[in-house]
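File shown: entry38.pdb (PDB, C-alpha atoms).
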```pdb
ATOM      1  CA  MET A   1     -18.423  59.975  12.154  1.00  0.00           C
ATOM      2  CA  ILE A   2     -19.932  56.659  13.301  1.00  0.00           C
ATOM      3  CA  GLU A   3     -18.736  55.012  10.077  1.00  0.00           C
ATOM      4  CA  ARG A   4     -15.123  56.043  10.712  1.00  0.00           C
ATOM      5  CA  PHE A   5     -15.355  54.819  14.294  1.00  0.00           C
ATOM      6  CA  THR A   6     -16.745  51.428  13.151  1.00  0.00           C
ATOM      7  CA  VAL A   7     -14.009  51.033  10.531  1.00  0.00           C
ATOM      8  CA  ALA A   8     -11.307  51.999  13.071  1.00  0.00           C
ATOM      9  CA  LEU A   9     -12.713  49.562  15.652  1.00  0.00           C
ATOM     10  CA  LEU A  10     -12.861  46.756  13.089  1.00  0.00           C
ATOM     11  CA  ALA A  11      -9.282  47.446  11.978  1.00  0.00           C
ATOM     12  CA  PHE A  12      -8.114  47.409  15.597  1.00  0.00           C
ATOM     13  CA  ALA A  13      -9.900  44.140  16.308  1.00  0.00           C
ATOM     14  CA  LEU A  14      -8.402  42.472  13.250  1.00  0.00           C
ATOM     15  CA  SER A  15      -4.870  43.622  14.007  1.00  0.00           C
ATOM     16  CA  ALA A  16      -5.173  42.579  17.644  1.00  0.00           C
ATOM     17  CA  SER A  17      -6.441  39.097  16.773  1.00  0.00           C
ATOM     18  CA  ALA A  18      -3.686  38.613  14.192  1.00  0.00           C
ATOM     19  CA  GLY A  19      -0.974  39.528  16.662  1.00  0.00           C
ATOM     20  CA  CYS A  20      -2.060  37.769  19.835  1.00  0.00           C
ATOM     21  CA  SER A  21      -3.909  34.574  19.226  1.00  0.00           C
ATOM     22  CA  ALA A  22      -5.088  32.652  22.275  1.00  0.00           C
ATOM     23  CA  GLU A  23      -4.111  29.365  20.588  1.00  0.00           C
ATOM     24  CA  PRO A  24      -0.543  28.656  19.492  1.00  0.00           C
ATOM     25  CA  ARG A  25      -0.116  28.325  15.765  1.00  0.00           C
ATOM     26  CA  GLN A  26       0.938  24.961  14.369  1.00  0.00           C
ATOM     27  CA  SER A  27       3.900  24.898  12.085  1.00  0.00           C
ATOM     28  CA  THR A  28       3.348  23.386   8.655  1.00  0.00           C
ATOM     29  CA  ALA A  29       5.753  20.587   9.581  1.00  0.00           C
ATOM     30  CA  GLU A  30       3.627  19.529  12.554  1.00  0.00           C
ATOM     31  CA  PRO A  31       0.594  18.220  10.581  1.00  0.00           C
ATOM     32  CA  GLN A  32       2.960  16.360   8.245  1.00  0.00           C
ATOM     33  CA  ARG A  33       4.764  14.780  11.173  1.00  0.00           C
ATOM     34  CA  THR A  34       1.452  13.806  12.757  1.00  0.00           C
ATOM     35  CA  MET A  35       0.290  12.120   9.529  1.00  0.00           C
ATOM     36  CA  GLN A  36       3.617  10.296   9.249  1.00  0.00           C
ATOM     37  CA  ASP A  37       3.274   9.140  12.862  1.00  0.00           C
ATOM     38  CA  VAL A  38      -0.248   7.848  12.181  1.00  0.00           C
ATOM     39  CA  ARG A  39       0.915   6.100   8.999  1.00  0.00           C
ATOM     40  CA  SER A  40       3.916   4.533  10.754  1.00  0.00           C
ATOM     41  CA  GLY A  41       1.767   3.363  13.655  1.00  0.00           C
ATOM     42  CA  HIS A  42      -0.788   1.877  11.276  1.00  0.00           C
ATOM     43  CA  ILE A  43       1.918  -0.003   9.390  1.00  0.00           C
ATOM     44  CA  ALA A  44       3.478  -1.323  12.605  1.00  0.00           C
ATOM     45  CA  ALA A  45       0.090  -2.499  13.898  1.00  0.00           C
ATOM     46  CA  ASN A  46      -0.586  -4.552  10.759  1.00  0.00           C
ATOM     47  CA  LEU A  47       2.767  -6.130   9.932  1.00  0.00           C
ATOM     48  CA  PRO A  48       3.923  -9.422  11.368  1.00  0.00           C
ATOM     49  CA  SER A  49       7.352  -9.638  12.963  1.00  0.00           C
ATOM     50  CA  ASP A  50      10.343 -10.045  10.656  1.00  0.00           C
ATOM     51  CA  ALA A  51      10.700 -13.662  11.792  1.00  0.00           C
ATOM     52  CA  GLU A  52       7.097 -14.496  10.833  1.00  0.00           C
ATOM     53  CA  PHE A  53       6.768 -12.320   7.739  1.00  0.00           C
ATOM     54  CA  MET A  54       7.727 -14.791   4.985  1.00  0.00           C
ATOM     55  CA  VAL A  55       6.193 -17.777   6.781  1.00  0.00           C
ATOM     56  CA  LEU A  56       2.792 -16.073   6.982  1.00  0.00           C
ATOM     57  CA  LEU A  57       3.095 -14.582   3.498  1.00  0.00           C
ATOM     58  CA  ARG A  58       3.910 -17.965   1.925  1.00  0.00           C
ATOM     59  CA  ARG A  59       1.083 -19.641   3.876  1.00  0.00           C
ATOM     60  CA  ASP A  60      -1.508 -17.086   2.794  1.00  0.00           C
ATOM     61  CA  VAL A  61      -0.373 -16.924  -0.841  1.00  0.00           C
ATOM     62  CA  LYS A  62      -0.589 -20.742  -1.034  1.00  0.00           C
ATOM     63  CA  ALA A  63      -4.064 -20.635   0.536  1.00  0.00           C
ATOM     64  CA  TYR A  64      -5.187 -18.016  -2.002  1.00  0.00           C
ATOM     65  CA  LEU A  65      -3.890 -20.084  -4.893  1.00  0.00           C
ATOM     66  CA  GLY A  66      -5.602 -23.182  -3.464  1.00  0.00           C
ATOM     67  CA  THR A  67      -8.984 -21.487  -3.211  1.00  0.00           C
ATOM     68  CA  ASN A  68      -8.601 -20.542  -6.867  1.00  0.00           C
ATOM     69  CA  GLN A  69      -7.875 -24.114  -8.047  1.00  0.00           C
ATOM     70  CA  LEU A  70      -4.157 -23.443  -8.317  1.00  0.00           C
ATOM     71  CA  LEU A  71      -2.887 -25.977  -5.813  1.00  0.00           C
ATOM     72  CA  ALA A  72       0.715 -25.038  -5.193  1.00  0.00           C
ATOM     73  CA  LYS A  73       3.236 -27.216  -3.428  1.00  0.00           C
ATOM     74  CA  ARG A  74       6.119 -24.869  -4.135  1.00  0.00           C
ATOM     75  CA  VAL A  75       5.812 -21.090  -4.056  1.00  0.00           C
ATOM     76  CA  ALA A  76       8.498 -18.499  -4.779  1.00  0.00           C
ATOM     77  CA  ILE A  77       7.666 -14.942  -3.772  1.00  0.00           C
ATOM     78  CA  GLU A  78       9.712 -11.949  -4.882  1.00  0.00           C
ATOM     79  CA  LEU A  79       8.678  -8.655  -3.334  1.00  0.00           C
ATOM     80  CA  LEU A  80       8.723  -5.912  -5.951  1.00  0.00           C
ATOM     81  CA  ARG A  81       9.286  -3.204  -3.330  1.00  0.00           C
ATOM     82  CA  ARG A  82      11.124  -3.612  -0.032  1.00  0.00           C
ATOM     83  CA  GLY A  83       8.610  -2.025   2.265  1.00  0.00           C
ATOM     84  CA  PRO A  84       4.858  -1.700   2.360  1.00  0.00           C
ATOM     85  CA  THR A  85       2.859   0.889   0.497  1.00  0.00           C
ATOM     86  CA  GLN A  86       0.586   2.865   2.793  1.00  0.00           C
ATOM     87  CA  SER A  87      -2.253   5.086   1.634  1.00  0.00           C
ATOM     88  CA  GLY A  88      -4.251   6.946   4.245  1.00  0.00           C
ATOM     89  CA  VAL A  89      -5.604   4.543   6.839  1.00  0.00           C
ATOM     90  CA  SER A  90      -5.988   1.506   4.597  1.00  0.00           C
ATOM     91  CA  TYR A  91      -4.076  -1.663   5.399  1.00  0.00           C
ATOM     92  CA  PRO A  92      -0.433  -1.680   4.247  1.00  0.00           C
ATOM     93  CA  LYS A  93       0.054  -3.340   0.862  1.00  0.00           C
ATOM     94  CA  TYR A  94       2.869  -5.347  -0.649  1.00  0.00           C
ATOM     95  CA  TYR A  95       3.442  -6.062  -4.303  1.00  0.00           C
ATOM     96  CA  ALA A  96       5.069  -9.310  -5.387  1.00  0.00           C
ATOM     97  CA  TRP A  97       5.861 -11.521  -8.334  1.00  0.00           C
ATOM     98  CA  VAL A  98       4.809 -15.066  -7.475  1.00  0.00           C
ATOM     99  CA  ARG A  99       5.793 -18.369  -9.102  1.00  0.00           C
ATOM    100  CA  ALA A 100       3.987 -21.517  -8.028  1.00  0.00           C
ATOM    101  CA  GLU A 101       4.101 -25.153  -9.077  1.00  0.00           C
ATOM    102  CA  ASP A 102       2.119 -28.229  -8.051  1.00  0.00           C
ATOM    103  CA  ASP A 103       3.290 -31.882  -7.878  1.00  0.00           C
ATOM    104  CA  THR A 104       2.221 -32.593 -11.473  1.00  0.00           C
ATOM    105  CA  GLY A 105       4.308 -29.741 -12.893  1.00  0.00           C
ATOM    106  CA  ASN A 106       1.458 -27.268 -13.474  1.00  0.00           C
ATOM    107  CA  ARG A 107       2.834 -23.758 -13.081  1.00  0.00           C
ATOM    108  CA  VAL A 108       1.384 -20.345 -12.550  1.00  0.00           C
ATOM    109  CA  GLU A 109       3.094 -17.013 -12.130  1.00  0.00           C
ATOM    110  CA  GLY A 110       2.018 -13.433 -11.916  1.00  0.00           C
ATOM    111  CA  ALA A 111       1.837 -10.185  -9.990  1.00  0.00           C
ATOM    112  CA  MET A 112       0.002  -9.885  -6.679  1.00  0.00           C
ATOM    113  CA  ARG A 113      -1.184  -7.050  -4.494  1.00  0.00           C
ATOM    114  CA  ILE A 114      -1.149  -8.381  -0.937  1.00  0.00           C
ATOM    115  CA  VAL A 115      -2.619  -6.683   2.135  1.00  0.00           C
ATOM    116  CA  ALA A 116      -1.094  -7.082   5.613  1.00  0.00           C
ATOM    117  CA  ILE A 117      -3.799  -7.400   8.276  1.00  0.00           C
ATOM    118  CA  GLU A 118      -3.401  -7.091  12.051  1.00  0.00           C
ATOM    119  CA  GLY A 119       0.069  -8.632  12.099  1.00  0.00           C
ATOM    120  CA  THR A 120      -1.390 -12.135  11.787  1.00  0.00           C
ATOM    121  CA  ARG A 121      -2.264 -12.639   8.140  1.00  0.00           C
ATOM    122  CA  PHE A 122      -2.039 -11.481   4.565  1.00  0.00           C
ATOM    123  CA  GLU A 123      -4.843 -11.268   2.055  1.00  0.00           C
ATOM    124  CA  VAL A 124      -4.312 -11.303  -1.705  1.00  0.00           C
ATOM    125  CA  SER A 125      -6.472  -8.514  -3.056  1.00  0.00           C
ATOM    126  CA  ASP A 126      -5.410  -8.879  -6.689  1.00  0.00           C
ATOM    127  CA  PHE A 127      -3.638 -11.486  -8.796  1.00  0.00           C
ATOM    128  CA  THR A 128      -2.677 -10.789 -12.387  1.00  0.00           C
ATOM    129  CA  PRO A 129      -1.346 -13.911 -14.139  1.00  0.00           C
ATOM    130  CA  ALA A 130       1.659 -13.444 -16.428  1.00  0.00           C
ATOM    131  CA  ALA A 131      -0.492 -14.358 -19.449  1.00  0.00           C
ATOM    132  CA  MET A 132      -2.828 -11.448 -18.687  1.00  0.00           C
ATOM    133  CA  VAL A 133       0.125  -9.086 -18.242  1.00  0.00           C
ATOM    134  CA  ARG A 134       1.313 -10.117 -21.712  1.00  0.00           C
ATOM    135  CA  SER A 135      -2.122  -9.874 -23.351  1.00  0.00           C
ATOM    136  CA  ASP A 136      -3.305  -6.664 -21.664  1.00  0.00           C
ATOM    137  CA  PRO A 137      -0.400  -4.766 -20.054  1.00  0.00           C
ATOM    138  CA  ALA A 138      -2.490  -1.583 -19.827  1.00  0.00           C
ATOM    139  CA  SER A 139      -4.717  -3.253 -17.217  1.00  0.00           C
ATOM    140  CA  LEU A 140      -1.885  -3.084 -14.693  1.00  0.00           C
ATOM    141  CA  ALA A 141      -2.347   0.668 -14.208  1.00  0.00           C
ATOM    142  CA  SER A 142      -5.623   0.252 -12.337  1.00  0.00           C
ATOM    143  CA  ILE A 143      -4.087  -2.080  -9.723  1.00  0.00           C
ATOM    144  CA  TYR A 144      -0.344  -1.529  -9.351  1.00  0.00           C
ATOM    145  CA  PRO A 145       1.720   1.615  -8.647  1.00  0.00           C
ATOM    146  CA  ALA A 146       3.172   3.137 -11.811  1.00  0.00           C
ATOM    147  CA  LEU A 147       6.734   2.703 -10.537  1.00  0.00           C
ATOM    148  CA  LEU A 148       6.267  -1.081 -10.282  1.00  0.00           C
ATOM    149  CA  ILE A 149       4.685  -1.675 -13.690  1.00  0.00           C
ATOM    150  CA  PRO A 150       8.002  -1.892 -15.590  1.00  0.00           C
ATOM    151  CA  ALA A 151       9.228  -4.635 -13.212  1.00  0.00           C
ATOM    152  CA  ILE A 152       5.940  -6.555 -13.566  1.00  0.00           C
ATOM    153  CA  ARG A 153       6.123  -6.298 -17.352  1.00  0.00           C
ATOM    154  CA  GLN A 154       9.742  -7.475 -17.296  1.00  0.00           C
ATOM    155  CA  HIS A 155       8.890 -10.504 -15.139  1.00  0.00           C
ATOM    156  CA  ALA A 156       6.104 -11.411 -17.571  1.00  0.00           C
ATOM    157  CA  GLY A 157       8.397 -11.055 -20.565  1.00  0.00           C
ATOM    158  CA  VAL A 158       6.726  -7.935 -21.989  1.00  0.00           C
ATOM    159  CA  GLU A 159       9.137  -5.465 -23.536  1.00  0.00           C
TER
END
```
Can I see the file as structure tokens?
Amino acid sequence: MIERFTVALLAFALSASAGCSAEPRQSTAEPQRTMQDVRSGHIAANLPSDAEFMVLLRRDVKAYLGTNQLLAKRVAIELLRRGPTQSGVSYPKYYAWVRAEDDTGNRVEGAMRIVAIEGTRFEVSDFTPAAMVRSDPASLASIYPALLIPAIRQHAGVE
């Protein structure tokens, strides 16, 4: 008799808690929207204004090349994707094909992964010269998004 009473009480408690929760349930869309809001806010906090974007990007790419003995007087930057790539709470990243030349005619070109930081600067996290793309195209997979690899290979002349 006590067993049946315990089972009935447990069943009642479970059905009551399923039907009338003290806390409102979140829809499945709500956590997604919240994550998108966080991602969007993080991107906005780290990107420079449109007017400053290319000025700062060119400045910081030239500085990176200079610190790596690739003194560039002229730099051409082609973004491989229009907007930034955002993963979790890391800094937004851009992917570009860069061509640079110094006053003596020395040239360098290659793919770059570039991080936007606090709306004031960019940092090159990876640079893959065109020669390396041609000699070891498989190495791109550990740095660049799969969707961008065909464009990087094409820029480097790899078929």
Counting all atoms listed in the file, which residues of region 46-119 of chain A sit at most 7 Å from some atom of region 129-139 of chain A, and what is each one's closest atom pair with its distance in Å to one decimal, listed by chain and rising residue number, as a Markdown table?
```
| residue | atom | partner | partner_atom | distance |
| --- | --- | --- | --- | --- |
| A:Glu109 | CA | A:Ala130 | CA | 5.8 |
| A:Gly110 | CA | A:Pro129 | CA | 4.1 |
| A:Ala111 | CA | A:Pro129 | CA | 6.4 |
```
For Val61 (chain A), find every residue with an atom within 7 Å (counting only C-alpha atoms), except residues of its own chain fewer than 4 positions away, and show them as a VMD selection string. chain A and resid 57 65 124
Selection from above, C-alpha atoms, as a PDB file, keeping the file's coordinate frame, can you write it?
```pdb
ATOM      1  CA  LEU A  57       3.095 -14.582   3.498  1.00  0.00           C
ATOM      2  CA  LEU A  65      -3.890 -20.084  -4.893  1.00  0.00           C
ATOM      3  CA  VAL A 124      -4.312 -11.303  -1.705  1.00  0.00           C
TER       4      VAL A 124
END
```
Determine the residue set returned by the PyMOL selection byres ((chain A and resi 89-95) around 8) for the present structure, and present it as a PyMOL selection string. chain A and resi 39+42-43+46-47+79-81+83-88+96-97+111-117+144
A:Thr67, A:Asp126, A:Leu148, A:Gly119: which is nearest Pro48 (chain A), counting all atoms listed in the file? A:Gly119
Which residues would end up in the selection if the PyMOL selection byres ((chain A and resi 63) around 12) were applied here, given that I need the answer as a PyMOL selection string? chain A and resi 56-62+64-75+100+121-124
How many Å separate CA of Arg99 (chain A) from CA of Ala76 (chain A)?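 The value is 5.1 Å.
CA of Val98 (chain A) is positioned 6.4 Å from CA of Glu78 (chain A).
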For CA of Met54 (chain A) and CA of Asp103 (chain A), quote the distance in Å rounded to one decimal. 21.8 Å
Provide an axis-aligned box for all listed atoms of region 79-94 of chain A, padding each side by 8 Å; report its centre and its edge lengths in Å to one decimal, as AutoDock Vina command-line options.
```
--center_x 2.6 --center_y -0.9 --center_z 0.4 --size_x 33.1 --size_y 31.6 --size_z 28.8
```
For region 71-82 of chain A, supply all heavy atoms and report the output as a compact mmCIF listing (two decimals), in the frame of the given file.
```txt
# COMPACT_ATOMS: atom_id res chain seq x y z
N LEU A 71 -3.54 -25.32 -6.93
CA LEU A 71 -2.89 -25.98 -5.81
C LEU A 71 -1.37 -25.92 -5.98
O LEU A 71 -0.82 -26.49 -6.91
CB LEU A 71 -3.36 -27.43 -5.69
CG LEU A 71 -4.86 -27.57 -5.45
CD1 LEU A 71 -5.27 -29.04 -5.49
CD2 LEU A 71 -5.25 -26.95 -4.12
N ALA A 72 -0.73 -25.25 -5.09
CA ALA A 72 0.72 -25.04 -5.19
C ALA A 72 1.43 -25.76 -4.07
O ALA A 72 1.10 -25.57 -2.91
CB ALA A 72 1.03 -23.56 -5.15
N LYS A 73 2.39 -26.57 -4.43
CA LYS A 73 3.24 -27.22 -3.43
C LYS A 73 4.48 -26.36 -3.18
O LYS A 73 4.99 -26.31 -2.09
CB LYS A 73 3.65 -28.62 -3.90
CG LYS A 73 2.48 -29.56 -4.03
CD LYS A 73 1.82 -29.80 -2.70
CE LYS A 73 0.62 -30.71 -2.88
NZ LYS A 73 -0.15 -30.84 -1.68
N ARG A 74 4.95 -25.73 -4.23
CA ARG A 74 6.12 -24.87 -4.14
C ARG A 74 5.73 -23.46 -4.57
O ARG A 74 5.12 -23.28 -5.61
CB ARG A 74 7.25 -25.41 -5.02
CG ARG A 74 7.86 -26.69 -4.46
CD ARG A 74 8.80 -27.36 -5.45
NE ARG A 74 8.13 -27.90 -6.64
CZ ARG A 74 7.37 -29.00 -6.66
NH1 ARG A 74 7.13 -29.65 -5.53
NH2 ARG A 74 6.83 -29.44 -7.77
N VAL A 75 6.13 -22.49 -3.76
CA VAL A 75 5.81 -21.09 -4.06
C VAL A 75 7.08 -20.25 -3.87
O VAL A 75 7.72 -20.35 -2.83
CB VAL A 75 4.70 -20.55 -3.13
CG1 VAL A 75 4.47 -19.07 -3.36
CG2 VAL A 75 3.41 -21.32 -3.33
N ALA A 76 7.40 -19.46 -4.88
CA ALA A 76 8.50 -18.50 -4.78
C ALA A 76 7.88 -17.10 -4.84
O ALA A 76 7.10 -16.81 -5.75
CB ALA A 76 9.49 -18.70 -5.92
N ILE A 77 8.23 -16.29 -3.86
CA ILE A 77 7.67 -14.94 -3.77
C ILE A 77 8.80 -13.94 -3.81
O ILE A 77 9.72 -13.99 -2.99
CB ILE A 77 6.86 -14.77 -2.46
CG1 ILE A 77 5.74 -15.79 -2.40
CG2 ILE A 77 6.33 -13.34 -2.35
CD1 ILE A 77 5.06 -15.87 -1.04
N GLU A 78 8.73 -13.02 -4.77
CA GLU A 78 9.71 -11.95 -4.88
C GLU A 78 8.99 -10.63 -4.68
O GLU A 78 8.13 -10.25 -5.49
CB GLU A 78 10.36 -11.98 -6.26
CG GLU A 78 11.37 -10.88 -6.47
CD GLU A 78 11.90 -10.85 -7.90
OE1 GLU A 78 11.83 -11.87 -8.61
OE2 GLU A 78 12.38 -9.77 -8.30
N LEU A 79 9.29 -9.95 -3.58
CA LEU A 79 8.68 -8.65 -3.33
C LEU A 79 9.23 -7.65 -4.35
O LEU A 79 10.43 -7.58 -4.58
CB LEU A 79 8.94 -8.18 -1.91
CG LEU A 79 8.28 -9.02 -0.81
CD1 LEU A 79 8.69 -8.51 0.57
CD2 LEU A 79 6.77 -9.01 -0.95
N LEU A 80 8.33 -6.89 -4.94
CA LEU A 80 8.72 -5.91 -5.95
C LEU A 80 9.16 -4.58 -5.35
O LEU A 80 9.74 -3.75 -6.02
CB LEU A 80 7.57 -5.69 -6.93
CG LEU A 80 7.15 -6.93 -7.72
CD1 LEU A 80 5.90 -6.65 -8.52
CD2 LEU A 80 8.29 -7.40 -8.61
N ARG A 81 8.89 -4.40 -4.08
CA ARG A 81 9.29 -3.20 -3.33
C ARG A 81 9.63 -3.69 -1.93
O ARG A 81 8.95 -4.53 -1.37
CB ARG A 81 8.11 -2.23 -3.30
CG ARG A 81 8.36 -0.94 -2.60
CD ARG A 81 7.13 -0.06 -2.58
NE ARG A 81 7.04 0.66 -3.84
CZ ARG A 81 6.00 1.37 -4.21
NH1 ARG A 81 4.94 1.44 -3.45
NH2 ARG A 81 5.99 1.99 -5.35
N ARG A 82 10.67 -3.13 -1.35
CA ARG A 82 11.12 -3.61 -0.03
C ARG A 82 10.09 -3.45 1.07
O ARG A 82 9.85 -4.35 1.83
CB ARG A 82 12.39 -2.89 0.37
CG ARG A 82 13.59 -3.40 -0.32
CD ARG A 82 14.82 -2.76 0.23
NE ARG A 82 15.96 -3.30 -0.52
CZ ARG A 82 17.16 -3.32 -0.06
NH1 ARG A 82 17.41 -2.82 1.13
NH2 ARG A 82 18.13 -3.81 -0.77
```
